[in-house]
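This is input-v7.cif. It holds mmCIF, C-alpha atoms.
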```
data_run
loop_
_atom_site.group_PDB
_atom_site.id
_atom_site.type_symbol
_atom_site.label_atom_id
_atom_site.label_comp_id
_atom_site.auth_asym_id
_atom_site.auth_seq_id
_atom_site.Cartn_x
_atom_site.Cartn_y
_atom_site.Cartn_z
ATOM 1 C CA MET A 1 -81.554 32.060 2.233
ATOM 2 C CA LYS A 2 -84.741 30.223 3.020
ATOM 3 C CA ASN A 3 -88.092 31.929 2.561
ATOM 4 C CA ARG A 4 -91.066 32.857 4.708
ATOM 5 C CA PHE A 5 -92.657 29.404 4.334
ATOM 6 C CA HIS A 6 -89.747 28.058 6.370
ATOM 7 C CA LEU A 7 -90.642 30.618 9.026
ATOM 8 C CA TYR A 8 -94.249 29.363 9.011
ATOM 9 C CA SER A 9 -93.009 25.862 9.800
ATOM 10 C CA LEU A 10 -90.704 27.155 12.555
ATOM 11 C CA ILE A 11 -93.613 28.912 14.211
ATOM 12 C CA GLN A 12 -95.952 25.948 13.752
ATOM 13 C CA GLU A 13 -93.476 23.688 15.568
ATOM 14 C CA LYS A 14 -93.618 25.960 18.634
ATOM 15 C CA THR A 15 -97.341 26.821 18.617
ATOM 16 C CA ASP A 16 -100.757 25.622 17.580
ATOM 17 C CA TYR A 17 -100.926 27.873 14.518
ATOM 18 C CA THR A 18 -102.106 26.420 11.233
ATOM 19 C CA SER A 19 -101.058 27.816 7.870
ATOM 20 C CA ASP A 20 -104.420 29.583 7.623
ATOM 21 C CA ASP A 21 -103.671 31.443 10.864
ATOM 22 C CA LEU A 22 -100.484 32.954 9.465
ATOM 23 C CA PRO A 23 -101.387 35.047 6.447
ATOM 24 C CA ASN A 24 -98.696 37.708 6.450
ATOM 25 C CA PHE A 25 -98.264 37.437 10.248
ATOM 26 C CA ASN A 26 -101.068 39.856 11.076
ATOM 27 C CA GLU A 27 -102.430 40.089 14.612
ATOM 28 C CA ILE A 28 -100.342 37.234 15.988
ATOM 29 C CA GLU A 29 -98.042 36.846 18.968
ATOM 30 C CA ILE A 30 -94.641 35.186 18.617
ATOM 31 C CA THR A 31 -92.554 34.443 21.713
ATOM 32 C CA ASP A 32 -89.178 32.790 22.397
ATOM 33 C CA LEU A 33 -88.150 32.051 18.821
ATOM 34 C CA THR A 34 -84.787 32.266 17.027
ATOM 35 C CA ILE A 35 -84.975 32.912 13.291
ATOM 36 C CA SER A 36 -81.819 32.726 11.158
ATOM 37 C CA ASN A 37 -80.850 32.975 7.500
ATOM 38 C CA LEU A 38 -84.254 33.731 5.971
ATOM 39 C CA ASN A 39 -85.411 35.902 3.113
ATOM 40 C CA LEU A 40 -88.589 37.559 4.373
ATOM 41 C CA ASP A 41 -88.667 40.408 1.857
ATOM 42 C CA ASN A 42 -92.051 42.148 1.602
ATOM 43 C CA LEU A 43 -93.306 40.554 4.827
ATOM 44 C CA ILE A 44 -96.416 42.195 6.270
ATOM 45 C CA SER A 45 -96.997 42.153 10.024
ATOM 46 C CA VAL A 46 -99.692 44.440 11.401
ATOM 47 C CA LYS A 47 -100.866 44.616 15.025
ATOM 48 C CA SER A 48 -98.586 41.766 16.086
ATOM 49 C CA LYS A 49 -96.399 41.210 19.134
ATOM 50 C CA TYR A 50 -92.889 39.722 19.133
ATOM 51 C CA SER A 51 -91.331 38.899 22.521
ATOM 52 C CA ARG A 52 -87.833 37.519 23.084
ATOM 53 C CA VAL A 53 -87.402 36.824 19.362
ATOM 54 C CA GLU A 54 -83.896 36.721 17.909
ATOM 55 C CA LEU A 55 -83.414 37.456 14.214
ATOM 56 C CA ASN A 56 -80.022 36.678 12.629
ATOM 57 C CA ASN A 57 -79.113 37.334 8.983
ATOM 58 C CA ILE A 58 -82.662 38.132 7.892
ATOM 59 C CA LEU A 59 -83.686 40.002 4.741
ATOM 60 C CA LEU A 60 -86.738 42.175 5.396
ATOM 61 C CA TYR A 61 -86.435 44.433 2.344
ATOM 62 C CA SER A 62 -89.577 46.511 1.837
ATOM 63 C CA SER A 63 -91.385 44.863 4.761
ATOM 64 C CA TYR A 64 -94.302 46.405 6.614
ATOM 65 C CA PHE A 65 -94.342 46.255 10.435
ATOM 66 C CA VAL A 66 -97.027 48.740 11.443
ATOM 67 C CA GLN A 67 -98.713 48.913 14.871
ATOM 68 C CA THR A 68 -96.499 46.028 15.955
ATOM 69 C CA SER A 69 -94.531 45.658 19.185
ATOM 70 C CA PHE A 70 -91.127 44.122 19.798
ATOM 71 C CA GLU A 71 -90.038 43.370 23.377
ATOM 72 C CA GLU A 72 -86.596 42.061 24.366
ATOM 73 C CA CYS A 73 -85.777 41.149 20.758
ATOM 74 C CA VAL A 74 -82.328 40.913 19.187
ATOM 75 C CA PHE A 75 -81.795 41.889 15.547
ATOM 76 C CA GLN A 76 -78.376 41.006 14.138
ATOM 77 C CA ASN A 77 -77.496 41.626 10.478
ATOM 78 C CA VAL A 78 -81.130 42.338 9.627
ATOM 79 C CA ASP A 79 -81.840 44.308 6.454
ATOM 80 C CA PHE A 80 -84.844 46.623 6.925
ATOM 81 C CA THR A 81 -84.055 48.561 3.708
ATOM 82 C CA LYS A 82 -87.156 50.399 2.414
ATOM 83 C CA SER A 83 -89.301 48.938 5.220
ATOM 84 C CA ASN A 84 -92.094 50.733 7.038
ATOM 85 C CA LEU A 85 -91.855 50.513 10.850
ATOM 86 C CA SER A 86 -94.273 53.321 11.685
ATOM 87 C CA ASN A 87 -96.398 53.341 14.840
ATOM 88 C CA THR A 88 -94.355 50.411 16.125
ATOM 89 C CA SER A 89 -92.898 49.985 19.600
ATOM 90 C CA PHE A 90 -89.477 48.636 20.521
ATOM 91 C CA GLU A 91 -88.751 47.921 24.175
ATOM 92 C CA SER A 92 -85.380 46.603 25.405
ATOM 93 C CA CYS A 93 -84.288 45.550 21.906
ATOM 94 C CA SER A 94 -80.781 45.311 20.420
ATOM 95 C CA PHE A 95 -79.960 46.080 16.800
ATOM 96 C CA ILE A 96 -76.475 45.009 15.681
ATOM 97 C CA SER A 97 -75.203 45.735 12.155
ATOM 98 C CA CYS A 98 -78.703 46.358 10.804
ATOM 99 C CA SER A 99 -79.606 48.426 7.767
ATOM 100 C CA PHE A 100 -82.502 50.871 7.888
ATOM 101 C CA ALA A 101 -81.550 52.476 4.553
ATOM 102 C CA SER A 102 -84.522 54.287 3.017
ATOM 103 C CA ALA A 103 -86.799 52.932 5.765
ATOM 104 C CA GLU A 104 -89.585 54.910 7.415
ATOM 105 C CA ILE A 105 -89.947 54.989 11.191
ATOM 106 C CA MET A 106 -92.541 57.536 12.270
ATOM 107 C CA GLY A 107 -94.655 57.658 15.411
ATOM 108 C CA ALA A 108 -92.724 54.793 17.020
ATOM 109 C CA LYS A 109 -91.991 54.308 20.716
ATOM 110 C CA ILE A 110 -88.395 53.237 21.367
ATOM 111 C CA THR A 111 -87.413 52.502 24.970
ATOM 112 C CA GLY A 112 -84.249 50.962 26.412
ATOM 113 C CA CYS A 113 -82.841 49.955 23.026
ATOM 114 C CA ASN A 114 -79.321 49.804 21.616
ATOM 115 C CA PHE A 115 -78.493 50.355 17.942
ATOM 116 C CA LYS A 116 -74.891 49.353 17.205
ATOM 117 C CA GLN A 117 -73.215 49.818 13.807
ATOM 118 C CA CYS A 118 -76.521 50.488 12.051
ATOM 119 C CA ASN A 119 -77.062 52.164 8.688
ATOM 120 C CA PHE A 120 -79.604 55.019 8.703
ATOM 121 C CA ARG A 121 -78.874 56.221 5.139
ATOM 122 C CA ASP A 122 -81.886 58.036 3.626
ATOM 123 C CA ILE A 123 -84.111 57.038 6.565
ATOM 124 C CA ILE A 124 -87.183 59.016 7.573
ATOM 125 C CA PHE A 125 -87.015 58.906 11.371
ATOM 126 C CA SER A 126 -89.347 61.437 12.936
ATOM 127 C CA ASP A 127 -92.166 62.032 15.412
ATOM 128 C CA ASN A 128 -90.916 59.157 17.577
ATOM 129 C CA ILE A 129 -90.804 58.970 21.374
ATOM 130 C CA ILE A 130 -87.345 57.720 22.376
ATOM 131 C CA ASN A 131 -86.221 56.981 25.943
ATOM 132 C CA ASN A 132 -83.004 55.550 27.373
ATOM 133 C CA THR A 133 -81.647 54.492 23.971
ATOM 134 C CA ARG A 134 -78.215 54.536 22.347
ATOM 135 C CA PHE A 135 -77.643 54.924 18.614
ATOM 136 C CA GLU A 136 -74.315 54.119 16.938
ATOM 137 C CA ILE A 137 -74.895 55.033 13.305
ATOM 138 C CA THR A 138 -72.418 54.204 10.528
ATOM 139 C CA ASP A 139 -74.192 56.100 7.715
ATOM 140 C CA ARG A 140 -76.927 58.714 7.943
ATOM 141 C CA SER A 141 -76.378 60.517 4.630
ATOM 142 C CA PHE A 142 -79.392 62.489 3.431
ATOM 143 C CA SER A 143 -81.566 61.203 6.293
ATOM 144 C CA VAL A 144 -84.468 63.019 7.899
ATOM 145 C CA ILE A 145 -84.039 62.638 11.660
ATOM 146 C CA ASP A 146 -86.167 65.236 13.419
ATOM 147 C CA ASN A 147 -89.185 66.083 15.579
ATOM 148 C CA ASN A 148 -88.460 63.216 17.953
ATOM 149 C CA ILE A 149 -89.160 63.485 21.676
ATOM 150 C CA GLU A 150 -85.988 62.248 23.370
ATOM 151 C CA LYS A 151 -85.033 61.540 26.969
ATOM 152 C CA GLU A 152 -81.656 60.034 27.878
ATOM 153 C CA VAL A 153 -80.731 59.345 24.250
ATOM 154 C CA VAL A 154 -77.158 59.086 22.941
ATOM 155 C CA TRP A 155 -76.363 59.577 19.249
ATOM 156 C CA LEU A 156 -72.926 58.543 17.962
ATOM 157 C CA PHE A 157 -72.086 58.903 14.285
ATOM 158 C CA VAL A 158 -69.080 56.749 13.415
#
```

Could the structure of this file be written out as structure tokens, please?
Amino acid sequence: MKNRFHLYSLIQEKTDYTSDDLPNFNEIEITDLTISNLNLDNLISVKSKYSRVELNNILLYSSYFVQTSFEECVFQNVDFTKSNLSNTSFESCSFISCSFASAEIMGAKITGCNFKQCNFRDIIFSDNIINNTRFEITDRSFSVIDNNIEKEVVWLFV
């Protein structure tokens, strides 16, 4: 897999960002971008906004997406293992065959999302506000899933 410097060049081709503008993807906005086959382990993205971004076969092991928003994004075969996604918002996003093993999602807002064939093993998933969302979880062994405020949420454990 390619690394995050390849992602810098992908973003630069679509925007006016310079390399100096992209240290760890903090406080940036990325729109209408497809990202495939990249190793972005340990990526840091704080107070950023991703709209209509599609991520395919991406490694985000131990990444940090805090106070970040995702709108109308598609995540397919994305590995969020040991990542921190706290205080993040997801609106109208799809997660297909993603791993959230040992990840932490606390204080997030999740609205109109679909999680299909996702791994929630050892996840800490609490104090979130979840609306109109469907979860199809393949593994949730030893997870902490509690204290969430839910409205029109479906949980399927397959």

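One distance worth recording is that between atom CA of A:Ile130 and atom CA of A:Gln67, which is 16.2 Å.
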
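The spacing separating atom CA of A:Tyr61 from atom CA of A:Ser102 amounts to 10.1 Å.
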
Report task. With a distance cut-off of 9 Å and all atoms listed in the file, select the neighbouring residues of A:Ile58, excluding the residue or stretch itself and same-chain residues fewer than 3 positions from it, and output the selection as JSON, numbers by chain. Result -> {"A": [1, 35, 36, 37, 38, 39, 40, 41, 55, 75, 76, 77, 78, 79, 80]}

Query raised in the report: Looking at A:Asn57, A:Asn42, A:Asn119, A:Thr68, which one is nearest to A:Glu27, with distances taken over all atoms listed in the file?
Result: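 Going through A:Asn57, A:Asn42, A:Asn119, A:Thr68 one by one, the smallest distance to A:Glu27 is for A:Thr68.
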
Exactly which residues make up the result of the PyMOL selection byres ((chain A and resi 148) around 10) on this file, given as an mmCIF file with C-alpha atoms, keeping the file's coordinate frame?
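The resulting file, expr.cif, is shown below:
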```cif
data_model
loop_
_atom_site.group_PDB
_atom_site.id
_atom_site.type_symbol
_atom_site.label_atom_id
_atom_site.label_comp_id
_atom_site.auth_asym_id
_atom_site.auth_seq_id
_atom_site.Cartn_x
_atom_site.Cartn_y
_atom_site.Cartn_z
ATOM 1 C CA MET A 106 -92.541 57.536 12.270
ATOM 2 C CA GLY A 107 -94.655 57.658 15.411
ATOM 3 C CA ALA A 108 -92.724 54.793 17.020
ATOM 4 C CA LYS A 109 -91.991 54.308 20.716
ATOM 5 C CA PHE A 125 -87.015 58.906 11.371
ATOM 6 C CA SER A 126 -89.347 61.437 12.936
ATOM 7 C CA ASP A 127 -92.166 62.032 15.412
ATOM 8 C CA ASN A 128 -90.916 59.157 17.577
ATOM 9 C CA ILE A 129 -90.804 58.970 21.374
ATOM 10 C CA ILE A 130 -87.345 57.720 22.376
ATOM 11 C CA ILE A 145 -84.039 62.638 11.660
ATOM 12 C CA ASP A 146 -86.167 65.236 13.419
ATOM 13 C CA ASN A 147 -89.185 66.083 15.579
ATOM 14 C CA ILE A 149 -89.160 63.485 21.676
ATOM 15 C CA GLU A 150 -85.988 62.248 23.370
ATOM 16 C CA LYS A 151 -85.033 61.540 26.969
#
```

Requested in this report: Name the residues, using the chain letters and numbers of the file, that sit within 8 Å of (-92.0, 49.0, 21.0) when counting only C-alpha atoms, and give them as a list in words.
Outcome: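 Every residue inside that radius is included here: Thr68, Ser69, Phe70, Glu71, Thr88, Ser89, Phe90, Glu91, Ala108, Lys109, Ile110 and Thr111 of chain A.
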
Query raised in the report: Using all atoms listed in the file, which of A:Leu43, A:Leu60, A:Ile28, A:Cys93 sits nearest A:Gly112?
Result: A:Cys93

Query raised in the report: By how many Å are atom CA of A:Asn132 and atom CA of A:Ser99 apart?
Result: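 Atom CA of A:Ser99 lies 21.1 Å from atom CA of A:Asn132.
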